[in-house]
$ cat structure18.json   # JSON, C-alpha atoms and all ligand atoms
[["chain", "number", "residue", "atom", "x", "y", "z"],
["V", 770, "MET", "CA", -118.81, -102.36, -121.05],
["V", 771, "GLY", "CA", -116.83, -101.59, -117.92],
["V", 772, "ARG", "CA", -114.93, -98.44, -117.06],
["V", 773, "LEU", "CA", -111.53, -98.06, -118.72],
["V", 774, "ALA", "CA", -108.50, -98.49, -116.46],
["V", 775, "LEU", "CA", -104.86, -97.79, -117.30],
["V", 776, "VAL", "CA", -101.96, -99.22, -115.29],
["V", 777, "THR", "CA", -98.45, -97.88, -115.96],
["V", 778, "GLY", "CA", -95.75, -100.52, -115.74],
["V", 779, "GLY", "CA", -98.67, -102.89, -116.08],
["V", 780, "THR", "CA", -97.07, -105.95, -117.64],
["V", 781, "THR", "CA", -94.87, -107.14, -114.75],
["V", 782, "GLY", "CA", -95.05, -107.62, -110.99],
["V", 783, "ILE", "CA", -97.61, -105.60, -109.05],
["V", 784, "GLY", "CA", -98.82, -103.85, -112.21],
["V", 785, "ALA", "CA", -99.53, -107.14, -114.00],
["V", 786, "ALA", "CA", -101.44, -108.52, -111.01],
["V", 787, "THR", "CA", -103.41, -105.28, -110.86],
["V", 788, "CYS", "CA", -104.33, -105.47, -114.56],
["V", 789, "LYS", "CA", -105.53, -109.06, -114.13],
["V", 790, "ALA", "CA", -107.55, -108.23, -111.02],
["V", 791, "LEU", "CA", -109.17, -105.21, -112.69],
["V", 792, "LYS", "CA", -110.06, -107.30, -115.74],
["V", 793, "ALA", "CA", -111.53, -110.02, -113.52],
["V", 794, "ALA", "CA", -113.60, -107.32, -111.80],
["V", 795, "GLY", "CA", -115.14, -106.30, -115.14],
["V", 796, "TYR", "CA", -113.04, -103.30, -116.15],
["V", 797, "ASP", "CA", -111.57, -102.68, -119.60],
["V", 798, "VAL", "CA", -107.84, -102.57, -119.00],
["V", 799, "ALA", "CA", -104.82, -101.06, -120.77],
["V", 800, "ALA", "CA", -101.25, -101.65, -119.62],
["V", 801, "ASN", "CA", -98.28, -99.40, -120.33],
["V", 802, "TYR", "CA", -94.70, -100.66, -120.58],
["V", 803, "VAL", "CA", -91.41, -99.20, -121.80],
["V", 804, "VAL", "CA", -88.74, -101.75, -122.72],
["V", 805, "GLY", "CA", -90.17, -105.20, -122.01],
["V", 806, "GLU", "CA", -91.63, -105.69, -125.53],
["V", 807, "ASP", "CA", -91.57, -109.53, -125.56],
["V", 808, "GLN", "CA", -92.94, -109.76, -122.04],
["V", 809, "ALA", "CA", -95.67, -107.23, -122.89],
["V", 810, "LYS", "CA", -96.80, -109.03, -126.05],
["V", 811, "GLN", "CA", -96.92, -112.33, -124.17],
["V", 812, "PHE", "CA", -98.90, -110.69, -121.38],
["V", 813, "GLU", "CA", -101.37, -109.28, -123.91],
["V", 814, "ALA", "CA", -101.82, -112.67, -125.57],
["V", 815, "GLU", "CA", -102.35, -114.44, -122.23],
["V", 816, "THR", "CA", -104.64, -111.93, -120.54],
["V", 817, "GLY", "CA", -106.39, -109.92, -123.25],
["V", 818, "VAL", "CA", -105.11, -106.74, -121.59],
["V", 819, "ARG", "CA", -104.10, -104.34, -124.41],
["V", 820, "VAL", "CA", -100.51, -103.10, -124.06],
["V", 821, "PHE", "CA", -99.15, -99.69, -125.06],
["V", 822, "CYS", "CA", -95.49, -98.66, -125.16],
["V", 823, "TRP", "CA", -94.19, -95.30, -123.96],
["V", 824, "ASP", "CA", -91.76, -93.86, -121.44],
["V", 825, "VAL", "CA", -93.54, -92.29, -118.46],
["V", 826, "THR", "CA", -90.59, -89.93, -117.90],
["V", 827, "GLN", "CA", -91.59, -88.10, -121.11],
["V", 828, "ALA", "CA", -94.51, -85.71, -120.54],
["V", 829, "ASP", "CA", -95.49, -85.55, -124.23],
["V", 830, "ALA", "CA", -95.34, -89.32, -124.59],
["V", 831, "CYS", "CA", -97.73, -89.64, -121.63],
["V", 832, "VAL", "CA", -100.27, -87.41, -123.38],
["V", 833, "LYS", "CA", -99.92, -89.35, -126.65],
["V", 834, "GLY", "CA", -100.14, -92.69, -124.83],
["V", 835, "VAL", "CA", -103.37, -91.71, -123.10],
["V", 836, "GLU", "CA", -104.80, -90.48, -126.43],
["V", 837, "ALA", "CA", -103.86, -93.73, -128.17],
["V", 838, "ILE", "CA", -105.63, -95.74, -125.47],
["V", 839, "ALA", "CA", -108.77, -93.59, -125.64],
["V", 840, "GLN", "CA", -108.80, -94.05, -129.41],
["V", 841, "SER", "CA", -108.23, -97.80, -129.19],
["V", 842, "PHE", "CA", -111.10, -98.31, -126.71],
["V", 843, "GLY", "CA", -113.35, -95.52, -128.02],
["V", 844, "LYS", "CA", -113.66, -93.88, -124.59],
["V", 845, "PRO", "CA", -111.47, -91.95, -122.14],
["V", 846, "VAL", "CA", -109.40, -93.39, -119.31],
["V", 847, "GLU", "CA", -111.47, -93.21, -116.12],
["V", 848, "ILE", "CA", -109.10, -95.04, -113.81],
["V", 849, "LEU", "CA", -105.34, -94.42, -113.66],
["V", 850, "VAL", "CA", -102.92, -96.51, -111.62],
["V", 851, "ASN", "CA", -99.47, -94.90, -111.50],
["V", 852, "ASN", "CA", -97.41, -98.00, -110.81],
["V", 853, "ALA", "CA", -94.27, -97.72, -112.98],
["V", 854, "GLY", "CA", -91.17, -97.44, -110.85],
["V", 855, "ILE", "CA", -87.45, -98.15, -110.64],
["V", 856, "THR", "CA", -84.70, -98.32, -108.04],
["V", 857, "ARG", "CA", -81.12, -97.01, -108.38],
["V", 858, "ASP", "CA", -79.78, -97.68, -104.90],
["V", 859, "SER", "CA", -76.62, -96.40, -103.28],
["V", 860, "MET", "CA", -75.63, -94.51, -100.17],
["V", 861, "MET", "CA", -76.29, -90.81, -100.70],
["V", 862, "HIS", "CA", -72.61, -89.84, -100.33],
["V", 863, "ARG", "CA", -71.82, -92.03, -103.34],
["V", 864, "MET", "CA", -74.99, -91.45, -105.37],
["V", 865, "PRO", "CA", -74.41, -90.22, -108.92],
["V", 866, "VAL", "CA", -76.66, -87.31, -109.89],
["V", 867, "GLU", "CA", -78.05, -89.45, -112.75],
["V", 868, "ASN", "CA", -79.39, -91.99, -110.23],
["V", 869, "TRP", "CA", -81.13, -89.27, -108.26],
["V", 870, "ASP", "CA", -82.66, -87.76, -111.39],
["V", 871, "ALA", "CA", -83.73, -91.10, -112.89],
["V", 872, "VAL", "CA", -85.60, -92.18, -109.76],
["V", 873, "ILE", "CA", -87.25, -88.81, -109.13],
["V", 874, "THR", "CA", -88.37, -88.54, -112.75],
["V", 875, "THR", "CA", -89.55, -92.12, -113.16],
["V", 876, "ASN", "CA", -91.19, -92.53, -109.77],
["V", 877, "LEU", "CA", -92.50, -89.03, -109.01],
["V", 878, "SER", "CA", -92.62, -86.71, -112.04],
["V", 879, "SER", "CA", -94.35, -89.47, -114.02],
["V", 880, "ASN", "CA", -97.27, -89.28, -111.58],
["V", 881, "PHE", "CA", -97.66, -85.61, -112.50],
["V", 882, "TYR", "CA", -97.27, -86.20, -116.26],
["V", 883, "MET", "CA", -99.77, -89.08, -116.27],
["V", 884, "SER", "CA", -102.30, -87.46, -113.94],
["V", 885, "ARG", "CA", -102.19, -84.26, -115.98],
["V", 886, "ALA", "CA", -102.85, -86.28, -119.14],
["V", 887, "VAL", "CA", -106.10, -87.78, -117.76],
["V", 888, "ILE", "CA", -107.44, -85.20, -115.32],
["V", 889, "GLN", "CA", -109.35, -82.89, -117.68],
["V", 890, "SER", "CA", -111.47, -85.67, -119.18],
["V", 891, "MET", "CA", -112.16, -86.98, -115.65],
["V", 892, "ARG", "CA", -113.24, -83.50, -114.54],
["V", 893, "ASP", "CA", -115.45, -83.13, -117.62],
["V", 894, "LYS", "CA", -117.04, -86.49, -116.93],
["V", 895, "GLY", "CA", -117.44, -85.92, -113.19],
["V", 896, "PHE", "CA", -115.81, -89.25, -112.42],
["V", 897, "GLY", "CA", -112.25, -90.45, -111.97],
["V", 898, "ARG", "CA", -110.05, -92.70, -109.88],
["V", 899, "ILE", "CA", -106.30, -92.26, -109.50],
["V", 900, "VAL", "CA", -104.24, -94.64, -107.39],
["V", 901, "ASN", "CA", -100.54, -93.90, -106.97],
["V", 902, "ILE", "CA", -98.19, -96.66, -105.84],
["V", 903, "SER", "CA", -95.84, -95.37, -103.15],
["V", 904, "SER", "CA", -93.81, -97.57, -100.79],
["V", 905, "ILE", "CA", -93.26, -98.48, -97.17],
["V", 906, "ASN", "CA", -89.89, -96.77, -97.61],
["V", 907, "ALA", "CA", -91.63, -93.42, -98.13],
["V", 908, "LEU", "CA", -92.85, -93.72, -94.55],
["V", 909, "THR", "CA", -89.79, -95.28, -92.90],
["V", 910, "GLY", "CA", -86.84, -94.24, -95.05],
["V", 911, "GLN", "CA", -84.40, -96.91, -96.22],
["V", 912, "LEU", "CA", -80.65, -97.15, -96.30],
["V", 913, "GLY", "CA", -79.33, -96.67, -99.83],
["V", 914, "GLN", "CA", -82.61, -95.18, -101.00],
["V", 915, "THR", "CA", -82.61, -91.44, -100.41],
["V", 916, "ASN", "CA", -83.73, -91.01, -104.02],
["V", 917, "TYR", "CA", -86.44, -93.69, -103.87],
["V", 918, "SER", "CA", -87.71, -92.69, -100.41],
["V", 919, "ALA", "CA", -87.90, -89.03, -101.48],
["V", 920, "ALA", "CA", -89.78, -89.85, -104.69],
["V", 921, "LYS", "CA", -92.20, -92.19, -102.95],
["V", 922, "ALA", "CA", -92.83, -89.69, -100.13],
["V", 923, "GLY", "CA", -93.34, -87.01, -102.77],
["V", 924, "ILE", "CA", -96.11, -89.15, -104.26],
["V", 925, "ILE", "CA", -98.00, -88.94, -100.98],
["V", 926, "GLY", "CA", -97.95, -85.12, -100.84],
["V", 927, "PHE", "CA", -98.74, -84.88, -104.56],
["V", 928, "SER", "CA", -101.72, -87.22, -104.19],
["V", 929, "LYS", "CA", -103.16, -85.44, -101.15],
["V", 930, "ALA", "CA", -103.02, -82.07, -102.93],
["V", 931, "LEU", "CA", -104.52, -83.51, -106.13],
["V", 932, "ALA", "CA", -107.26, -85.16, -104.08],
["V", 933, "LEU", "CA", -108.23, -81.78, -102.61],
["V", 934, "GLU", "CA", -108.22, -80.09, -106.03],
["V", 935, "ASN", "CA", -110.61, -82.66, -107.49],
["V", 936, "ALA", "CA", -112.74, -83.79, -104.55],
["V", 937, "SER", "CA", -115.80, -81.87, -105.76],
["V", 938, "LYS", "CA", -115.53, -83.37, -109.26],
["V", 939, "GLY", "CA", -116.21, -87.03, -108.46],
["V", 940, "ILE", "CA", -112.50, -87.84, -108.64],
["V", 941, "THR", "CA", -110.63, -89.64, -105.88],
["V", 942, "VAL", "CA", -106.86, -89.79, -105.56],
["V", 943, "ASN", "CA", -105.38, -92.35, -103.19],
["V", 944, "ILE", "CA", -102.05, -93.95, -102.39],
["V", 945, "VAL", "CA", -101.17, -97.61, -101.90],
["V", 946, "ALA", "CA", -97.95, -98.12, -99.94],
["V", 947, "PRO", "CA", -96.69, -101.67, -100.53],
["V", 948, "GLY", "CA", -94.36, -103.42, -98.15],
["V", 949, "TYR", "CA", -91.76, -105.76, -99.61],
["V", 950, "THR", "CA", -93.43, -107.74, -102.36],
["V", 951, "ASP", "CA", -92.23, -110.77, -104.28],
["V", 952, "THR", "CA", -91.43, -109.24, -107.70],
["V", 953, "ASP", "CA", -88.31, -108.79, -109.85],
["V", 954, "MET", "CA", -87.53, -105.61, -107.87],
["V", 955, "VAL", "CA", -87.12, -107.59, -104.64],
["V", 956, "ARG", "CA", -85.74, -110.77, -106.27],
["V", 957, "ALA", "CA", -82.83, -108.60, -107.42],
["V", 958, "MET", "CA", -81.76, -108.14, -103.78],
["V", 959, "PRO", "CA", -79.06, -110.36, -102.21],
["V", 960, "ASP", "CA", -80.54, -113.46, -100.45],
["V", 961, "GLU", "CA", -79.33, -112.38, -97.01],
["V", 962, "ALA", "CA", -80.90, -108.93, -97.30],
["V", 963, "ARG", "CA", -84.19, -110.47, -98.44],
["V", 964, "LYS", "CA", -84.24, -112.94, -95.52],
["V", 965, "ASP", "CA", -83.59, -110.09, -93.13],
["V", 966, "LEU", "CA", -86.53, -108.16, -94.58],
["V", 967, "VAL", "CA", -88.90, -111.12, -94.24],
["V", 968, "SER", "CA", -87.88, -111.59, -90.61],
["V", 969, "LYS", "CA", -89.28, -108.10, -89.90],
["V", 970, "ILE", "CA", -92.69, -108.73, -91.49],
["V", 971, "PRO", "CA", -95.22, -109.83, -88.82],
["V", 972, "VAL", "CA", -97.21, -111.95, -91.31],
["V", 973, "GLY", "CA", -93.97, -113.85, -91.96],
["V", 974, "ARG", "CA", -93.77, -113.60, -95.74],
["V", 975, "LEU", "CA", -93.22, -111.16, -98.58],
["V", 976, "GLY", "CA", -96.28, -109.58, -100.10],
["V", 977, "ARG", "CA", -97.72, -111.17, -103.21],
["V", 978, "PRO", "CA", -98.50, -108.90, -106.17],
["V", 979, "GLU", "CA", -102.14, -110.02, -105.79],
["V", 980, "ASP", "CA", -102.20, -108.57, -102.24],
["V", 981, "LEU", "CA", -101.53, -105.14, -103.72],
["V", 982, "ALA", "CA", -103.93, -105.61, -106.61],
["V", 983, "ARG", "CA", -106.75, -106.25, -104.14],
["V", 984, "ALA", "CA", -106.15, -102.86, -102.50],
["V", 985, "VAL", "CA", -106.21, -101.08, -105.87],
["V", 986, "VAL", "CA", -109.45, -102.79, -106.93],
["V", 987, "PHE", "CA", -111.01, -101.69, -103.63],
["V", 988, "LEU", "CA", -109.98, -98.05, -104.06],
["V", 989, "VAL", "CA", -111.08, -97.65, -107.70],
["V", 990, "ALA", "CA", -114.61, -98.97, -107.19],
["V", 991, "ASP", "CA", -117.50, -96.60, -107.86],
["V", 992, "GLU", "CA", -118.56, -97.31, -104.26],
["V", 993, "ALA", "CA", -115.23, -95.99, -102.87],
["V", 994, "SER", "CA", -116.26, -92.40, -103.63],
["V", 995, "PHE", "CA", -115.81, -91.15, -100.03],
["V", 996, "ILE", "CA", -112.19, -92.31, -99.71],
["V", 997, "THR", "CA", -109.72, -89.76, -101.05],
["V", 998, "GLY", "CA", -106.26, -88.46, -100.17],
["V", 999, "GLU", "CA", -105.73, -91.63, -98.13],
["V", 1000, "THR", "CA", -102.66, -93.88, -97.86],
["V", 1001, "LEU", "CA", -103.41, -97.59, -97.62],
["V", 1002, "SER", "CA", -100.44, -99.60, -96.35],
["V", 1003, "VAL", "CA", -100.33, -103.20, -97.58],
["V", 1004, "ASN", "CA", -97.29, -104.58, -95.81],
["V", 1005, "GLY", "CA", -98.02, -107.65, -93.69],
["V", 1006, "GLY", "CA", -98.47, -105.71, -90.47],
["V", 1007, "GLN", "CA", -95.30, -103.62, -90.27],
["V", 1008, "ARG", "CA", -95.90, -100.64, -87.99],
["V", 1009, "MET", "CA", -95.47, -97.16, -89.39],
["V", 1010, "PRO", "CA", -93.71, -94.45, -87.38],
["W", 1101, "LIG", "P1", -91.25, -104.33, -111.47],
["W", 1101, "LIG", "O1", -89.81, -104.01, -111.69],
["W", 1101, "LIG", "O2", -91.77, -105.70, -111.76],
["W", 1101, "LIG", "O3", -92.18, -103.32, -112.29],
["W", 1101, "LIG", "C1", -91.81, -102.03, -112.62],
["W", 1101, "LIG", "C2", -92.58, -101.67, -113.89],
["W", 1101, "LIG", "O4", -92.34, -100.29, -114.18],
["W", 1101, "LIG", "C3", -92.14, -102.48, -115.12],
["W", 1101, "LIG", "O5", -93.29, -103.01, -115.75],
["W", 1101, "LIG", "C4", -91.49, -101.43, -116.02],
["W", 1101, "LIG", "O6", -91.74, -101.63, -117.40],
["W", 1101, "LIG", "C5", -92.17, -100.16, -115.57],
["W", 1101, "LIG", "N1", -91.37, -98.99, -115.86],
["W", 1101, "LIG", "C6", -90.16, -98.64, -115.34],
["W", 1101, "LIG", "N2", -89.73, -97.51, -115.89],
["W", 1101, "LIG", "C7", -90.68, -97.11, -116.77],
["W", 1101, "LIG", "C8", -90.82, -96.01, -117.66],
["W", 1101, "LIG", "N3", -89.86, -95.07, -117.75],
["W", 1101, "LIG", "N4", -91.93, -95.94, -118.43],
["W", 1101, "LIG", "C9", -92.90, -96.88, -118.36],
["W", 1101, "LIG", "N5", -92.82, -97.96, -117.54],
["W", 1101, "LIG", "C10", -91.73, -98.07, -116.76],
["W", 1101, "LIG", "O7", -91.51, -103.92, -109.97],
["W", 1101, "LIG", "P2", -92.76, -104.03, -108.97],
["W", 1101, "LIG", "O8", -93.92, -104.69, -109.59],
["W", 1101, "LIG", "O9", -92.20, -104.55, -107.71],
["W", 1101, "LIG", "O10", -93.04, -102.47, -108.74],
["W", 1101, "LIG", "C11", -94.27, -101.84, -109.04],
["W", 1101, "LIG", "C12", -94.37, -100.57, -108.20],
["W", 1101, "LIG", "O11", -94.45, -100.92, -106.81],
["W", 1101, "LIG", "C13", -93.17, -99.64, -108.33],
["W", 1101, "LIG", "O12", -93.59, -98.30, -108.34],
["W", 1101, "LIG", "C14", -92.38, -99.93, -107.06],
["W", 1101, "LIG", "O13", -91.56, -98.85, -106.67],
["W", 1101, "LIG", "C15", -93.50, -100.19, -106.07],
["W", 1101, "LIG", "N6", -93.11, -100.93, -104.88],
["W", 1101, "LIG", "C16", -92.62, -102.21, -104.99],
["W", 1101, "LIG", "C17", -92.25, -102.90, -103.85],
["W", 1101, "LIG", "C18", -91.72, -104.30, -103.89],
["W", 1101, "LIG", "O14", -91.30, -104.79, -102.85],
["W", 1101, "LIG", "N7", -91.72, -105.00, -105.03],
["W", 1101, "LIG", "C19", -92.36, -102.29, -102.51],
["W", 1101, "LIG", "C20", -92.88, -100.96, -102.53],
["W", 1101, "LIG", "C21", -93.24, -100.32, -103.68],
["W", 1101, "LIG", "P3", -90.74, -102.48, -118.34],
["W", 1101, "LIG", "O15", -90.90, -103.91, -117.92],
["W", 1101, "LIG", "O16", -91.19, -102.22, -119.74],
["W", 1101, "LIG", "O17", -89.37, -101.94, -118.05]]
$ encode --input "structure18.json" --output "structure tokens"
Amino acid sequence: MGRLALVTGGTTGIGAATCKALKAAGYDVAANYVVGEDQAKQFEAETGVRVFCWDVTQADACVKGVEAIAQSFGKPVEILVNNAGITRDSMMHRMPVENWDAVITTNLSSNFYMSRAVIQSMRDKGFGRIVNISSINALTGQLGQTNYSAAKAGIIGFSKALALENASKGITVNIVAPGYTDTDMVRAMPDEARKDLVSKIPVGRLGRPEDLARAVVFLVADEASFITGETLSVNGGQRMP
């Protein structure tokens, strides 16, 4: 039996591609979701990836979710991919406080809640892999996304500190920073804005969810034990400042 991997927001977009790629690589895989019940059940039936419902903004629910997965598989989570995320865009001078709080809690605090829920069993076992999904916009900033850019940049600092705390325990913590990727999140943008984005990508296309999944599979391998606290950009060649 393979190691047990958990992907939050694992039934759509980048998360779904990551679950499939991990399963194909021989891992046991659990996917978390929050509202997309029909989508999740269909995903489970199609892929054999077991799905578990909870809200990653709730610290207690994260602990219970991780426990339920360990019980279902009869072993602890050894690989955590913090992928769940949302956008609530608007210029900062018009941003409601709720939109700031929702994005910081869902995209950043969830990484703390979920990592805290798995870290002790990883430390006890002397093995663990955590990959946190950030964004190109953490590195560049983006108009209308002070909340999102702050949360995604926060993930990078959080991950680097957590990597240091656990480096001697066989646990690596890394960051994948996707560029614009063809998922519901980007399909929700106006056509003109999307075309403009693509024109700035040297490879000449949006990322595919599978492009991101490949990076995660690389970082969680047993053999990737000397890579920690690192940010891997997967963005079609866009230069970082
Ligand atoms: P999707 O909207 O397809 O996926 C987001 C996932 O997050 C959904 O499965 C959703 O579950 C889940 N989710 C949201 N809120 C919660 C919550 N409170 N609790 C549990 N799950 C939750 O988007 P992507 O696949 O594009 O995004 C995946 C990650 O990649 C995100 O972190 C995003 O910020 C990041 N990213 C995406 C980029 C892109 O261009 N697409 C670029 C850079 C980064 P449900 O369906 O149940 O609501």
$ residues_around --input "structure18.json" --residues "range 847-855 of chain V" --least-positions-apart "4" --cutoff "6 Å" --atoms "all atoms listed in the file" --output "list of chain:residue names"
V:Leu773, V:Ala774, V:Leu775, V:Val776, V:Thr777, V:Gly778, V:Asn876, V:Gly897, V:Arg898, V:Ile899, V:Val900, V:Asn901, V:Ile902
$ residues_near_ligand --input "structure18.json" --ligand "ligand LIG 1101 (chain W)" --cutoff "8 Å" --atoms "only C-alpha atoms and all ligand atoms" --output "ChimeraX atom specification"
/V:777-785,801-806,808-809,822-827,851-856,875-876,902-906,917,921,946-955,975-976,978
$ closest_residue --input "structure18.json" --among "V:Thr816, V:Ser994, V:Ser879, V:Ser918" --to "Asn943 in chain V" --atoms "all atoms listed in the file"
V:Ser994
$ atom_distance --input "structure18.json" --atom1 "CA of Val872 in chain V" --atom2 "CA of Ala920 in chain V"
7.0 Å
$ closest_residue --input "structure18.json" --among "V:Gly910, V:Pro845, V:Gly939, V:Gly923" --to "Phe995 in chain V" --atoms "only C-alpha atoms"
V:Gly939
$ atom_distance --input "structure18.json" --atom1 "CA of Pro959 in chain V" --atom2 "CA of Met860 in chain V"
16.3 Å
